[in-house]
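Read through the structure below, which is laid out as structure tokens, and then see the notes.
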Amino acid sequence: MKRLPILIVIALLLTLCVAMASYLIIYHHSYEIEYEELEIGATSYENGVLTVTVNASMEGEYIYRVIGAPNDEGEFELTFRGGKQPALAQDPGEHIATFTVEIPSEYKKVVCGKATVYTVSDDKGEE
């Protein structure tokens, strides 16, 4: 008869543990931020390295990192990842981030989603 209160307490503690674990997983999870949610600012290209400044336009979203990889159309595609954790932002608590990405020489067009971020020019005299 005295086991019922103990079993109820154990069940409540287990429920609390599951809820906290779920919250922590979701809170620290990063996801792809769509191009429409980004404000891509200044870009510069020098010696095969593209520098791009990005602002997450949605309130409460922070940009953690950028991934660059070739896509099926023969372009170099940037994928920005972020989430709700300000401490994981490139600059903790800041919505604006500046990333550098090495662009392989065979790619002339850098895109994010369906939008062109940068087109590499073959002109050597360009500044």
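Residue numbers start at 1 in each chain; chains themselves are named A, B, ... in the order of the structure tokens; ligands are numbered from 1 in the order shown.
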
Legend entry - Residues flagged helix (DSSP H, G or I) by DSSP in chain A, as an MDAnalysis selection string: chainID A and resid 3:28 35:37 86:88

Within 8 Å of Phe76 of chain A, counting only C-alpha atoms, which residues show up once you throw out same-chain ones fewer than 5 positions away? Write them as an mmCIF file with N, CA, C and O atoms, in the first residue's frame, please.
data_model
loop_
_atom_site.group_PDB
_atom_site.id
_atom_site.type_symbol
_atom_site.label_atom_id
_atom_site.label_comp_id
_atom_site.auth_asym_id
_atom_site.auth_seq_id
_atom_site.Cartn_x
_atom_site.Cartn_y
_atom_site.Cartn_z
ATOM 1 N N GLY A 68 29.655 25.001 -47.195
ATOM 2 C CA GLY A 68 29.739 25.182 -48.637
ATOM 3 C C GLY A 68 29.982 23.858 -49.326
ATOM 4 O O GLY A 68 30.848 23.093 -48.903
ATOM 5 N N ALA A 69 29.192 23.588 -50.374
ATOM 6 C CA ALA A 69 29.330 22.327 -51.103
ATOM 7 C C ALA A 69 28.779 22.496 -52.509
ATOM 8 O O ALA A 69 27.889 23.312 -52.736
ATOM 9 N N PRO A 70 29.313 21.713 -53.466
ATOM 10 C CA PRO A 70 28.776 21.765 -54.828
ATOM 11 C C PRO A 70 27.336 21.241 -54.859
ATOM 12 O O PRO A 70 26.987 20.341 -54.098
ATOM 13 N N ASN A 71 26.514 21.819 -55.733
ATOM 14 C CA ASN A 71 25.152 21.309 -55.896
ATOM 15 C C ASN A 71 25.018 20.617 -57.251
ATOM 16 O O ASN A 71 25.988 20.532 -58.015
ATOM 17 N N ILE A 103 36.401 28.756 -51.874
ATOM 18 C CA ILE A 103 35.666 28.364 -53.070
ATOM 19 C C ILE A 103 36.638 27.665 -54.020
ATOM 20 O O ILE A 103 37.613 28.281 -54.454
ATOM 21 N N TYR A 107 34.566 26.467 -59.604
ATOM 22 C CA TYR A 107 33.223 27.033 -59.439
ATOM 23 C C TYR A 107 33.268 28.542 -59.633
ATOM 24 O O TYR A 107 34.083 29.232 -59.040
ATOM 25 N N LYS A 108 32.367 29.032 -60.466
ATOM 26 C CA LYS A 108 32.308 30.466 -60.758
ATOM 27 C C LYS A 108 31.093 31.145 -60.145
ATOM 28 O O LYS A 108 31.031 32.355 -60.070
ATOM 29 N N LYS A 109 30.115 30.350 -59.730
ATOM 30 C CA LYS A 109 28.888 30.924 -59.184
ATOM 31 C C LYS A 109 28.642 30.355 -57.792
ATOM 32 O O LYS A 109 28.632 29.144 -57.599
ATOM 33 N N VAL A 110 28.438 31.263 -56.822
ATOM 34 C CA VAL A 110 28.155 30.879 -55.444
ATOM 35 C C VAL A 110 26.696 31.255 -55.177
ATOM 36 O O VAL A 110 26.296 32.400 -55.390
ATOM 37 N N VAL A 111 25.909 30.269 -54.719
ATOM 38 C CA VAL A 111 24.485 30.490 -54.512
ATOM 39 C C VAL A 111 24.093 30.117 -53.083
ATOM 40 O O VAL A 111 24.818 29.429 -52.380
#

Inset, instruction - Quote the spacing between atom CA of Val54 of chain A and atom CA of Tyr23 of chain A in Å to one decimal place. - result: 27.5 Å

Inset, instruction - Name all residues at most 12 Å from Gly93 of chain A (count only C-alpha atoms; drop same-chain ones fewer than 6 positions away) and give them as a PyMOL selection string. - result: chain A and resi 56+59-64+83-87
